[in-house]
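Next comes coords-v2.cif, with mmCIF, C-alpha atoms.
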```
data_upload
loop_
_atom_site.group_PDB
_atom_site.id
_atom_site.type_symbol
_atom_site.label_atom_id
_atom_site.label_comp_id
_atom_site.auth_asym_id
_atom_site.auth_seq_id
_atom_site.Cartn_x
_atom_site.Cartn_y
_atom_site.Cartn_z
ATOM 1 C CA MET Q 1 -166.314 8.460 -3.989
ATOM 2 C CA GLU Q 2 -165.646 12.121 -3.154
ATOM 3 C CA LYS Q 3 -169.432 12.610 -2.818
ATOM 4 C CA ASP Q 4 -169.790 10.069 0.011
ATOM 5 C CA LYS Q 5 -170.895 12.673 2.519
ATOM 6 C CA ALA Q 6 -172.545 10.057 4.733
ATOM 7 C CA ILE Q 7 -169.245 8.226 5.304
ATOM 8 C CA ILE Q 8 -167.475 11.497 6.185
ATOM 9 C CA LYS Q 9 -170.263 12.435 8.589
ATOM 10 C CA ALA Q 10 -170.309 8.952 10.165
ATOM 11 C CA LEU Q 11 -166.541 9.022 10.630
ATOM 12 C CA LYS Q 12 -166.693 12.488 12.165
ATOM 13 C CA SER Q 13 -169.549 11.628 14.490
ATOM 14 C CA THR Q 14 -167.943 8.389 15.710
ATOM 15 C CA GLN Q 15 -166.819 9.096 19.233
ATOM 16 C CA THR Q 16 -163.051 8.783 19.261
ATOM 17 C CA PRO Q 17 -161.220 9.322 22.537
ATOM 18 C CA GLN Q 18 -158.958 12.307 22.862
ATOM 19 C CA ILE Q 19 -155.209 12.019 23.182
ATOM 20 C CA SER Q 20 -154.017 12.826 26.710
ATOM 21 C CA VAL Q 21 -153.018 16.403 27.509
ATOM 22 C CA ASP Q 22 -149.411 15.628 28.469
ATOM 23 C CA PHE Q 23 -148.837 13.378 25.434
ATOM 24 C CA GLN Q 24 -146.615 15.899 23.677
ATOM 25 C CA THR Q 25 -144.522 16.597 26.779
ATOM 26 C CA GLN Q 26 -144.040 12.891 27.466
ATOM 27 C CA THR Q 27 -143.117 12.154 23.863
ATOM 28 C CA MET Q 28 -140.735 15.113 23.655
ATOM 29 C CA ASN Q 29 -138.980 13.892 26.836
ATOM 30 C CA LYS Q 30 -138.479 10.511 25.178
ATOM 31 C CA VAL Q 31 -137.291 12.214 21.990
ATOM 32 C CA PHE Q 32 -134.698 14.192 23.984
ATOM 33 C CA LYS Q 33 -133.508 10.960 25.637
ATOM 34 C CA LEU Q 34 -133.245 9.285 22.229
ATOM 35 C CA SER Q 35 -131.360 12.248 20.842
ATOM 36 C CA GLU Q 36 -128.891 12.095 23.749
ATOM 37 C CA GLN Q 37 -128.393 8.352 23.193
ATOM 38 C CA LYS Q 38 -127.841 9.009 19.480
ATOM 39 C CA ARG Q 39 -125.236 11.670 20.263
ATOM 40 C CA LYS Q 40 -123.418 9.405 22.740
ATOM 41 C CA ARG Q 41 -123.443 6.515 20.293
ATOM 42 C CA ALA Q 42 -122.035 8.726 17.539
ATOM 43 C CA TYR Q 43 -119.329 10.022 19.926
ATOM 44 C CA ILE Q 44 -118.296 6.496 20.965
ATOM 45 C CA LEU Q 45 -118.301 5.359 17.338
ATOM 46 C CA ASN Q 46 -116.157 8.302 16.272
ATOM 47 C CA PHE Q 47 -113.781 7.765 19.185
ATOM 48 C CA CYS Q 48 -113.381 4.063 18.348
ATOM 49 C CA LEU Q 49 -112.893 4.845 14.669
ATOM 50 C CA ILE Q 50 -110.262 7.512 15.293
ATOM 51 C CA SER Q 51 -108.469 5.302 17.858
ATOM 52 C CA THR Q 52 -108.405 2.343 15.472
ATOM 53 C CA VAL Q 53 -107.155 4.432 12.551
ATOM 54 C CA SER Q 54 -104.509 6.146 14.712
ATOM 55 C CA LEU Q 55 -103.309 2.847 16.131
ATOM 56 C CA GLY Q 56 -103.194 1.377 12.645
ATOM 57 C CA LEU Q 57 -101.144 4.319 11.381
ATOM 58 C CA ILE Q 58 -98.703 4.066 14.301
ATOM 59 C CA VAL Q 59 -98.273 0.320 13.824
ATOM 60 C CA THR Q 60 -97.769 0.778 10.061
ATOM 61 C CA ALA Q 61 -95.272 3.592 10.627
ATOM 62 C CA VAL Q 62 -93.273 1.557 13.161
ATOM 63 C CA PHE Q 63 -93.362 -1.486 10.879
ATOM 64 C CA LEU Q 64 -92.188 0.543 7.864
ATOM 65 C CA LEU Q 65 -89.447 2.359 9.751
ATOM 66 C CA LYS Q 66 -88.149 -0.757 11.462
ATOM 67 C CA ASP Q 67 -88.393 -3.399 8.761
ATOM 68 C CA TYR Q 68 -88.063 -1.476 5.498
ATOM 69 C CA LEU Q 69 -85.938 1.525 6.425
ATOM 70 C CA SER Q 70 -83.949 -0.275 9.177
ATOM 71 C CA PHE Q 71 -84.615 2.626 11.520
ATOM 72 C CA SER Q 72 -83.190 2.229 15.007
ATOM 73 C CA PHE Q 73 -85.347 3.322 17.885
ATOM 74 C CA LYS Q 74 -82.349 3.655 20.223
ATOM 75 C CA MET Q 75 -81.784 7.200 21.405
ATOM 76 C CA PRO Q 76 -78.540 8.596 20.049
ATOM 77 C CA ALA Q 77 -75.989 9.748 22.611
ATOM 78 C CA ILE Q 78 -76.195 13.508 22.841
ATOM 79 C CA GLN Q 79 -73.008 15.428 23.369
ATOM 80 C CA PHE Q 80 -73.402 19.004 24.424
ATOM 81 C CA THR Q 81 -70.937 21.356 22.785
ATOM 82 C CA SER Q 82 -71.010 25.133 22.829
ATOM 83 C CA SER Q 83 -72.271 25.249 19.207
ATOM 84 C CA SER Q 84 -75.080 22.719 19.882
ATOM 85 C CA ILE Q 85 -76.123 24.692 22.993
ATOM 86 C CA SER Q 86 -76.379 27.925 21.031
ATOM 87 C CA LEU Q 87 -78.344 26.107 18.312
ATOM 88 C CA PHE Q 88 -80.647 24.652 20.974
ATOM 89 C CA ALA Q 89 -81.142 28.122 22.517
ATOM 90 C CA PHE Q 90 -82.011 29.565 19.119
ATOM 91 C CA SER Q 91 -84.498 26.746 18.390
ATOM 92 C CA PHE Q 92 -86.046 27.219 21.827
ATOM 93 C CA TYR Q 93 -86.384 30.965 21.175
ATOM 94 C CA ILE Q 94 -88.136 30.379 17.809
ATOM 95 C CA ALA Q 95 -90.433 27.691 19.277
ATOM 96 C CA SER Q 96 -91.413 29.976 22.173
ATOM 97 C CA LEU Q 97 -92.111 32.823 19.768
ATOM 98 C CA ILE Q 98 -94.377 30.584 17.661
ATOM 99 C CA LEU Q 99 -96.194 29.322 20.744
ATOM 100 C CA ILE Q 100 -96.779 32.857 22.017
ATOM 101 C CA LEU Q 101 -98.071 34.002 18.609
ATOM 102 C CA VAL Q 102 -100.375 30.983 18.244
ATOM 103 C CA GLY Q 103 -101.626 31.544 21.805
ATOM 104 C CA LEU Q 104 -102.348 35.208 21.119
ATOM 105 C CA ASP Q 105 -104.128 34.325 17.891
ATOM 106 C CA SER Q 106 -106.321 31.793 19.667
ATOM 107 C CA TYR Q 107 -107.047 34.266 22.521
ATOM 108 C CA PHE Q 108 -108.091 37.090 20.191
ATOM 109 C CA ARG Q 109 -110.147 34.764 17.985
ATOM 110 C CA HIS Q 110 -112.022 33.547 21.072
ATOM 111 C CA LYS Q 111 -112.663 37.152 22.191
ATOM 112 C CA TRP Q 112 -113.836 38.124 18.696
ATOM 113 C CA LEU Q 113 -116.251 35.139 18.556
ATOM 114 C CA ILE Q 114 -117.787 36.011 21.939
ATOM 115 C CA LYS Q 115 -118.185 39.640 20.851
ATOM 116 C CA ASN Q 116 -119.916 38.556 17.618
ATOM 117 C CA GLN Q 117 -122.264 36.179 19.454
ATOM 118 C CA ASP Q 118 -123.245 38.966 21.881
ATOM 119 C CA LYS Q 119 -123.988 41.253 18.935
ATOM 120 C CA GLN Q 120 -126.189 38.589 17.322
ATOM 121 C CA ILE Q 121 -128.161 38.104 20.552
ATOM 122 C CA GLU Q 122 -128.690 41.906 20.835
ATOM 123 C CA MET W 1 -144.925 25.743 0.918
ATOM 124 C CA GLU W 2 -145.681 23.831 4.133
ATOM 125 C CA ASN W 3 -143.738 20.870 2.830
ATOM 126 C CA LYS W 4 -140.781 23.168 2.156
ATOM 127 C CA ASP W 5 -140.975 24.480 5.725
ATOM 128 C CA GLU W 6 -141.123 20.937 7.032
ATOM 129 C CA LEU W 7 -138.018 20.015 5.060
ATOM 130 C CA ILE W 8 -136.194 22.942 6.650
ATOM 131 C CA TYR W 9 -137.344 21.787 10.083
ATOM 132 C CA ILE W 10 -136.164 18.238 9.366
ATOM 133 C CA LYS W 11 -132.756 19.521 8.265
ATOM 134 C CA ARG W 12 -132.429 21.575 11.445
ATOM 135 C CA ILE W 13 -133.523 18.643 13.637
ATOM 136 C CA LEU W 14 -130.883 16.457 11.999
ATOM 137 C CA GLU W 15 -128.333 19.171 12.705
ATOM 138 C CA GLY W 16 -129.133 18.927 16.410
ATOM 139 C CA GLU W 17 -132.133 21.197 17.077
ATOM 140 C CA THR W 18 -134.154 18.358 18.640
ATOM 141 C CA ASN W 19 -136.730 20.705 20.214
ATOM 142 C CA LEU W 20 -138.097 21.511 16.721
ATOM 143 C CA PHE W 21 -139.569 18.009 16.604
ATOM 144 C CA SER W 22 -142.382 19.341 18.814
ATOM 145 C CA TYR W 23 -143.716 21.124 15.688
ATOM 146 C CA PHE W 24 -144.465 17.733 14.076
ATOM 147 C CA LEU W 25 -145.953 16.432 17.304
ATOM 148 C CA GLN W 26 -148.285 19.393 17.593
ATOM 149 C CA ARG W 27 -149.296 19.191 13.969
ATOM 150 C CA TYR W 28 -149.816 15.465 13.491
ATOM 151 C CA SER W 29 -150.293 13.745 16.847
ATOM 152 C CA ASN W 30 -154.091 14.091 16.798
ATOM 153 C CA SER W 31 -154.536 12.783 13.238
ATOM 154 C CA VAL W 32 -152.131 9.888 13.796
ATOM 155 C CA PHE W 33 -153.863 9.002 17.061
ATOM 156 C CA SER W 34 -157.258 9.272 15.388
ATOM 157 C CA MET W 35 -156.238 6.798 12.683
ATOM 158 C CA ILE W 36 -154.626 4.338 15.104
ATOM 159 C CA VAL W 37 -157.478 4.415 17.617
ATOM 160 C CA ARG W 38 -159.909 3.493 14.829
ATOM 161 C CA ILE W 39 -157.778 0.446 13.988
ATOM 162 C CA ILE W 40 -156.932 -0.645 17.542
ATOM 163 C CA GLN W 41 -160.050 0.539 19.400
ATOM 164 C CA SER W 42 -158.217 0.871 22.683
ATOM 165 C CA ARG W 43 -157.269 4.354 23.857
ATOM 166 C CA GLU W 44 -154.256 3.275 25.945
ATOM 167 C CA ASP W 45 -152.767 1.061 23.239
ATOM 168 C CA ALA W 46 -153.433 3.674 20.564
ATOM 169 C CA GLU W 47 -151.651 6.338 22.594
ATOM 170 C CA GLU W 48 -148.663 4.076 23.113
ATOM 171 C CA LEU W 49 -148.562 3.230 19.403
ATOM 172 C CA THR W 50 -148.830 6.918 18.492
ATOM 173 C CA GLN W 51 -145.814 7.569 20.698
ATOM 174 C CA ASP W 52 -143.981 4.628 19.091
ATOM 175 C CA THR W 53 -144.782 6.096 15.662
ATOM 176 C CA PHE W 54 -143.209 9.461 16.538
ATOM 177 C CA LEU W 55 -140.170 7.857 18.168
ATOM 178 C CA LYS W 56 -139.634 5.663 15.111
ATOM 179 C CA ALA W 57 -140.012 8.728 12.885
ATOM 180 C CA PHE W 58 -137.411 10.582 14.953
ATOM 181 C CA LYS W 59 -134.995 7.640 14.872
ATOM 182 C CA LYS W 60 -135.350 7.220 11.110
ATOM 183 C CA LEU W 61 -135.580 10.905 10.227
ATOM 184 C CA ASP W 62 -132.286 10.747 8.334
ATOM 185 C CA THR W 63 -133.807 8.144 5.987
ATOM 186 C CA PHE W 64 -136.683 10.460 4.986
ATOM 187 C CA LYS W 65 -136.046 11.027 1.278
ATOM 188 C CA ALA W 66 -138.633 13.770 0.678
ATOM 189 C CA ASP W 67 -140.068 11.851 -2.299
ATOM 190 C CA CYS W 68 -143.411 12.230 -0.511
ATOM 191 C CA THR W 69 -144.706 14.651 2.118
ATOM 192 C CA PHE W 70 -143.663 14.174 5.749
ATOM 193 C CA SER W 71 -147.271 13.442 6.749
ATOM 194 C CA THR W 72 -147.525 10.632 4.156
ATOM 195 C CA TRP W 73 -144.271 9.144 5.467
ATOM 196 C CA LEU W 74 -145.497 9.480 9.061
ATOM 197 C CA PHE W 75 -148.871 7.872 8.315
ATOM 198 C CA ARG W 76 -147.039 4.991 6.653
ATOM 199 C CA ILE W 77 -145.058 4.389 9.846
ATOM 200 C CA ALA W 78 -148.246 4.754 11.909
ATOM 201 C CA TYR W 79 -150.150 2.296 9.731
ATOM 202 C CA ASN W 80 -147.349 -0.308 9.821
ATOM 203 C CA THR W 81 -147.032 0.084 13.605
ATOM 204 C CA ALA W 82 -150.762 -0.375 14.106
ATOM 205 C CA ILE W 83 -150.959 -3.352 11.732
ATOM 206 C CA SER W 84 -148.033 -5.108 13.467
ATOM 207 C CA PHE W 85 -149.864 -4.609 16.752
ATOM 208 C CA THR W 86 -153.116 -6.123 15.425
ATOM 209 C CA ARG W 87 -151.117 -9.112 14.123
ATOM 210 C CA LYS W 88 -149.445 -9.620 17.484
ATOM 211 C CA LYS W 89 -152.753 -9.341 19.322
ATOM 212 C CA LYS W 90 -154.465 -11.513 16.702
ATOM 213 C CA MET W 91 -157.503 -9.246 16.560
ATOM 214 C CA ILE W 92 -160.369 -11.043 14.868
ATOM 215 C CA LEU W 93 -163.015 -9.166 12.940
ATOM 216 C CA PRO W 94 -166.172 -10.580 11.372
ATOM 217 C CA ALA W 95 -165.381 -11.836 7.900
ATOM 218 C CA ILE W 96 -167.652 -11.234 4.940
ATOM 219 C CA GLU W 97 -167.743 -13.767 2.180
ATOM 220 C CA GLU W 98 -166.261 -12.517 -1.070
ATOM 221 C CA SER W 99 -169.261 -13.880 -2.976
ATOM 222 C CA MET W 100 -171.528 -11.504 -1.039
ATOM 223 C CA LEU W 101 -169.494 -8.537 -2.211
ATOM 224 C CA ASP W 102 -169.654 -9.715 -5.786
ATOM 225 C CA THR W 103 -173.439 -9.696 -5.698
ATOM 226 C CA VAL W 104 -173.461 -5.941 -5.045
ATOM 227 C CA SER W 105 -173.831 -4.089 -8.315
ATOM 228 C CA ASP W 106 -172.070 -0.802 -8.979
ATOM 229 C CA ASP W 107 -175.458 0.845 -9.559
ATOM 230 C CA ALA W 108 -176.596 -0.057 -6.051
ATOM 231 C CA LEU W 109 -173.656 1.851 -4.608
ATOM 232 C CA THR W 110 -174.243 4.946 -6.721
ATOM 233 C CA GLY W 111 -175.617 7.630 -4.457
ATOM 234 C CA PHE W 112 -176.006 5.259 -1.498
ATOM 235 C CA PHE W 113 -173.542 7.168 0.671
ATOM 236 C CA GLU W 114 -174.415 10.629 -0.573
ATOM 237 C CA GLU W 115 -177.368 11.264 1.742
ATOM 238 C CA ASP W 116 -176.087 12.440 5.118
ATOM 239 C CA GLU W 117 -179.313 13.575 6.858
ATOM 240 C CA ASN W 118 -180.779 10.162 7.768
ATOM 241 C CA GLU W 119 -179.775 9.621 11.419
ATOM 242 C CA LYS W 120 -180.670 5.920 11.450
ATOM 243 C CA LYS W 121 -178.591 5.307 8.360
ATOM 244 C CA LEU W 122 -175.672 7.200 9.870
ATOM 245 C CA GLN W 123 -175.811 5.051 13.009
ATOM 246 C CA GLU W 124 -175.839 1.903 10.904
ATOM 247 C CA LEU W 125 -172.933 3.255 8.925
ATOM 248 C CA GLU W 126 -170.949 3.918 12.128
ATOM 249 C CA LYS W 127 -171.569 0.306 13.208
ATOM 250 C CA ALA W 128 -170.570 -0.977 9.784
ATOM 251 C CA ILE W 129 -167.347 1.050 9.813
ATOM 252 C CA ALA W 130 -166.474 -0.494 13.181
ATOM 253 C CA GLN W 131 -166.734 -3.938 11.560
ATOM 254 C CA LEU W 132 -164.272 -3.234 8.761
ATOM 255 C CA ASN W 133 -160.812 -4.730 8.991
ATOM 256 C CA ALA W 134 -157.794 -2.666 10.068
ATOM 257 C CA GLU W 135 -156.629 -1.839 6.553
ATOM 258 C CA GLU W 136 -160.074 -0.788 5.381
ATOM 259 C CA LYS W 137 -160.601 1.397 8.432
ATOM 260 C CA ALA W 138 -157.265 3.079 7.905
ATOM 261 C CA LEU W 139 -158.014 3.523 4.206
ATOM 262 C CA ILE W 140 -161.369 5.197 4.639
ATOM 263 C CA THR W 141 -160.167 7.301 7.606
ATOM 264 C CA LEU W 142 -157.267 8.688 5.623
ATOM 265 C CA PHE W 143 -159.262 9.094 2.420
ATOM 266 C CA TYR W 144 -162.396 10.677 3.861
ATOM 267 C CA LEU W 145 -161.232 12.342 7.077
ATOM 268 C CA GLU W 146 -157.642 13.314 6.358
ATOM 269 C CA ALA W 147 -158.464 13.981 2.674
ATOM 270 C CA LYS W 148 -155.427 12.062 1.463
ATOM 271 C CA SER W 149 -155.245 11.541 -2.278
ATOM 272 C CA VAL W 150 -155.164 8.092 -3.889
ATOM 273 C CA ASN W 151 -151.507 8.695 -4.787
ATOM 274 C CA GLU W 152 -150.618 9.421 -1.157
ATOM 275 C CA LEU W 153 -152.584 6.380 0.004
ATOM 276 C CA ALA W 154 -150.612 4.253 -2.456
ATOM 277 C CA VAL W 155 -147.392 5.373 -0.750
ATOM 278 C CA ILE W 156 -148.775 4.876 2.775
ATOM 279 C CA PHE W 157 -150.141 1.382 2.104
ATOM 280 C CA ASP W 158 -147.363 0.374 -0.286
ATOM 281 C CA LEU W 159 -149.868 -0.420 -3.036
ATOM 282 C CA THR W 160 -150.376 0.642 -6.616
ATOM 283 C CA ILE W 161 -152.818 3.490 -7.319
ATOM 284 C CA GLU W 162 -155.150 1.052 -9.043
ATOM 285 C CA ASN W 163 -155.033 -1.277 -6.040
ATOM 286 C CA VAL W 164 -155.926 1.567 -3.690
ATOM 287 C CA ARG W 165 -158.932 2.434 -5.873
ATOM 288 C CA VAL W 166 -160.051 -1.217 -5.868
ATOM 289 C CA ARG W 167 -159.685 -1.519 -2.093
ATOM 290 C CA LEU W 168 -161.570 1.706 -1.457
ATOM 291 C CA PHE W 169 -164.330 0.483 -3.728
ATOM 292 C CA ARG W 170 -164.445 -2.879 -1.948
ATOM 293 C CA ALA W 171 -164.571 -1.158 1.430
ATOM 294 C CA ARG W 172 -167.613 0.793 0.248
ATOM 295 C CA LYS W 173 -169.188 -2.432 -0.995
ATOM 296 C CA LYS W 174 -168.498 -4.053 2.366
ATOM 297 C CA LEU W 175 -170.138 -1.135 4.163
ATOM 298 C CA PHE W 176 -173.138 -1.517 1.880
ATOM 299 C CA VAL W 177 -173.399 -5.266 2.628
ATOM 300 C CA LEU W 178 -172.997 -4.718 6.375
ATOM 301 C CA MET W 179 -175.706 -2.065 6.342
ATOM 302 C CA THR W 180 -178.206 -3.865 4.160
ATOM 303 C CA ASN W 181 -177.874 -7.281 5.811
#
```
The structure in this file should be written as structure tokens.
Amino acid sequence: MEKDKAIIKALKSTQTPQISVDFQTQTMNKVFKLSEQKRKRAYILNFCLISTVSLGLIVTAVFLLKDYLSFSFKMPAIQFTSSSISLFAFSFYIASLILILVGLDSYFRHKWLIKNQDKQIE
Amino acid sequence: MENKDELIYIKRILEGETNLFSYFLQRYSNSVFSMIVRIIQSREDAEELTQDTFLKAFKKLDTFKADCTFSTWLFRIAYNTAISFTRKKKMILPAIEESMLDTVSDDALTGFFEEDENEKKLQELEKAIAQLNAEEKALITLFYLEAKSVNELAVIFDLTIENVRVRLFRARKKLFVLMTN
């Protein structure tokens, strides 16, 4: 069958129309649209999934705390004494310190990433 | 090596580099169109089906298992798309009685298609090819023009290797009958 030169020649000489010039551009535009749709669909799916799981976890937690551990959701009455105020001030100081450190870490990481990207482009 | 490169491209496309898909379009759009236009015989429809083929390939790219080359997988999609279209349009082609094919001996076929200098014979052959059914046209186009192996054709047409050989042989017999009658 490999020797059937006449068939190859007949197939080659058969006039087949040419694909239009802008075929690739048109198709790529559609591919980009499809890709965008795919991305959106994946985002919505992820969002729904995370929301459902989160809601489920919250409901389970509330159910467990309320029914099994007899947890009361009523806010306890807070009485401010001098010792509680100093404890609150200390906690506030530690929390602020952590926030500042985390903020600085994030800021420097961001700067370092941008610097690295610029180097890669160069 | 090319197949390895294509696998890397596919991986990158799946990771979000959609613009790399243009590589496959540039490389295969003409061959896919050429096969479809031979089956459909309408330029506009063939172009639309070629586009459908590439869009389907893009949509299903994550299902490509790399157990065959990308081109084989793409031609399979193209063939199925074109065949579904012919079924929808109910394209009718002249039928040849099976008994007529059985009368053709294997010896008669030997060397019949080897001579490629006789212009009249080539014209008759072109006409005969046009009268083959969609599957036969696709088979001989991919086998003779795209130089696909019997193994690759088996994947594209979802047939066994032996079945592909039989169908190719029958297509040649059909061409012989169409040319001699």
query = Care to translate the PyMOL selection byres ((chain Q) within 8 of (chain W)) into actual residues of this file, as JSON, numbers by chain?
reply = {"Q": [2, 3, 4, 5, 6, 7, 8, 9, 10, 11, 12, 14, 16, 17, 18, 19, 24, 27, 28, 30, 31, 32, 34, 35]}
key: Selection result of the PyMOL selection byres ((chain W and resi 3) around 12) on this file, as number ranges by chain   = W: 1-2, 4-10, 24, 66-72
request  = Measure the distance from CA of Ile58 in chain Q to CA of Ser96 in chain Q in Å and round it to one decimal.
outcome  =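 Computed distance, CA of Ile58 in chain Q to CA of Ser96 in chain Q, equals 28.0 Å.
Across W:Lys174, W:Ala78, W:Val155, W:Thr86, the tightest approach to Gln131 in chain W is made by W:Lys174 when counting all atoms listed in the file.
The residue that comes closest to Arg87 in chain W, out of W:Val32, W:Ala171, W:Val166, W:Ile40 and on the basis of all atoms listed in the file, is W:Ile40.
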task = Excluding Val150 in chain W and residues on its chain fewer than 4 positions from it, collect all residues at most 7 Å away from it, counting only C-alpha atoms, and give them as a list in words.
result =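 Selected residues are Ala154, Ile161 and Val164 of chain W.
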Mind writing the picked residues with C-alpha atoms as a PDB file, keeping the file's coordinate frame?
```pdb
ATOM      1  CA  ALA W 154    -150.612   4.253  -2.456  1.00  0.00           C
ATOM      2  CA  ILE W 161    -152.818   3.490  -7.319  1.00  0.00           C
ATOM      3  CA  VAL W 164    -155.926   1.567  -3.690  1.00  0.00           C
TER       4      VAL W 164
END
```
ask   = At what distance in Å, to one decimal, does CA of Leu132 in chain W lie from CA of Leu178 in chain W?
value =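 For CA of Leu178 in chain W relative to CA of Leu132 in chain W, the distance reads 9.2 Å.
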task = Give me, please, the distance in Å between CA of Leu61 in chain W and CA of Lys11 in chain W, quoted to one decimal.
result = 9.3 Å
Result set, the PyMOL selection byres ((chain W and resi 157) around 10) on current file, as a PDB file with C-alpha atoms, keeping the file's coordinate frame:
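Just written: selection-v5.pdb:
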```
ATOM      1  CA  THR W  72    -147.525  10.632   4.156  1.00  0.00           C
ATOM      2  CA  PHE W  75    -148.871   7.872   8.315  1.00  0.00           C
ATOM      3  CA  ARG W  76    -147.039   4.991   6.653  1.00  0.00           C
ATOM      4  CA  ILE W  77    -145.058   4.389   9.846  1.00  0.00           C
ATOM      5  CA  TYR W  79    -150.150   2.296   9.731  1.00  0.00           C
ATOM      6  CA  ASN W  80    -147.349  -0.308   9.821  1.00  0.00           C
ATOM      7  CA  GLU W 135    -156.629  -1.839   6.553  1.00  0.00           C
ATOM      8  CA  ALA W 138    -157.265   3.079   7.905  1.00  0.00           C
ATOM      9  CA  LEU W 139    -158.014   3.523   4.206  1.00  0.00           C
ATOM     10  CA  GLU W 152    -150.618   9.421  -1.157  1.00  0.00           C
ATOM     11  CA  LEU W 153    -152.584   6.380   0.004  1.00  0.00           C
ATOM     12  CA  ALA W 154    -150.612   4.253  -2.456  1.00  0.00           C
ATOM     13  CA  VAL W 155    -147.392   5.373  -0.750  1.00  0.00           C
ATOM     14  CA  ILE W 156    -148.775   4.876   2.775  1.00  0.00           C
ATOM     15  CA  ASP W 158    -147.363   0.374  -0.286  1.00  0.00           C
ATOM     16  CA  LEU W 159    -149.868  -0.420  -3.036  1.00  0.00           C
ATOM     17  CA  THR W 160    -150.376   0.642  -6.616  1.00  0.00           C
ATOM     18  CA  ASN W 163    -155.033  -1.277  -6.040  1.00  0.00           C
ATOM     19  CA  VAL W 164    -155.926   1.567  -3.690  1.00  0.00           C
TER      20      VAL W 164
END
```
Which centre and which edge lengths, in Å to one decimal, describe the axis-aligned box that holds all listed atoms of range 25-43 of chain Q after 3 Å is added on each side, as AutoDock Vina command-line options?
```
--center_x -131.9 --center_y 11.6 --center_z 22.5 --size_x 31.2 --size_y 16.1 --size_z 15.9
```
Generate the missing atoms of range 162-177 of chain W up to N, CA and C atoms and report them as an mmCIF file, keeping the file's coordinate frame.
```cif
data_model
loop_
_atom_site.group_PDB
_atom_site.id
_atom_site.type_symbol
_atom_site.label_atom_id
_atom_site.label_comp_id
_atom_site.auth_asym_id
_atom_site.auth_seq_id
_atom_site.Cartn_x
_atom_site.Cartn_y
_atom_site.Cartn_z
ATOM 1 N N GLU W 162 -153.989 1.836 -8.625
ATOM 2 C CA GLU W 162 -155.150 1.052 -9.043
ATOM 3 C C GLU W 162 -155.652 0.172 -7.899
ATOM 4 N N ASN W 163 -154.693 -0.419 -7.182
ATOM 5 C CA ASN W 163 -155.033 -1.277 -6.040
ATOM 6 C C ASN W 163 -155.744 -0.496 -4.944
ATOM 7 N N VAL W 164 -155.291 0.723 -4.719
ATOM 8 C CA VAL W 164 -155.926 1.567 -3.690
ATOM 9 C C VAL W 164 -157.376 1.827 -4.092
ATOM 10 N N ARG W 165 -157.569 2.167 -5.381
ATOM 11 C CA ARG W 165 -158.932 2.434 -5.873
ATOM 12 C C ARG W 165 -159.825 1.204 -5.659
ATOM 13 N N VAL W 166 -159.274 0.029 -6.001
ATOM 14 C CA VAL W 166 -160.051 -1.217 -5.868
ATOM 15 C C VAL W 166 -160.414 -1.456 -4.405
ATOM 16 N N ARG W 167 -159.431 -1.249 -3.516
ATOM 17 C CA ARG W 167 -159.685 -1.519 -2.093
ATOM 18 C C ARG W 167 -160.690 -0.539 -1.495
ATOM 19 N N LEU W 168 -160.597 0.720 -1.935
ATOM 20 C CA LEU W 168 -161.570 1.706 -1.457
ATOM 21 C C LEU W 168 -162.971 1.321 -1.924
ATOM 22 N N PHE W 169 -163.049 0.879 -3.162
ATOM 23 C CA PHE W 169 -164.330 0.483 -3.728
ATOM 24 C C PHE W 169 -164.899 -0.730 -2.989
ATOM 25 N N ARG W 170 -164.013 -1.663 -2.672
ATOM 26 C CA ARG W 170 -164.445 -2.879 -1.948
ATOM 27 C C ARG W 170 -164.885 -2.543 -0.532
ATOM 28 N N ALA W 171 -164.190 -1.570 0.078
ATOM 29 C CA ALA W 171 -164.571 -1.158 1.430
ATOM 30 C C ALA W 171 -165.974 -0.563 1.421
ATOM 31 N N ARG W 172 -166.262 0.218 0.373
ATOM 32 C CA ARG W 172 -167.613 0.793 0.248
ATOM 33 C C ARG W 172 -168.659 -0.315 0.045
ATOM 34 N N LYS W 173 -168.274 -1.302 -0.762
ATOM 35 C CA LYS W 173 -169.188 -2.432 -0.995
ATOM 36 C C LYS W 173 -169.461 -3.172 0.316
ATOM 37 N N LYS W 174 -168.388 -3.340 1.086
ATOM 38 C CA LYS W 174 -168.498 -4.053 2.366
ATOM 39 C C LYS W 174 -169.430 -3.283 3.314
ATOM 40 N N LEU W 175 -169.271 -1.956 3.319
ATOM 41 C CA LEU W 175 -170.138 -1.135 4.163
ATOM 42 C C LEU W 175 -171.594 -1.306 3.734
ATOM 43 N N PHE W 176 -171.795 -1.353 2.425
ATOM 44 C CA PHE W 176 -173.138 -1.517 1.880
ATOM 45 C C PHE W 176 -173.732 -2.851 2.342
ATOM 46 N N VAL W 177 -172.929 -3.925 2.222
ATOM 47 C CA VAL W 177 -173.399 -5.266 2.628
ATOM 48 C C VAL W 177 -173.712 -5.288 4.115
#
```
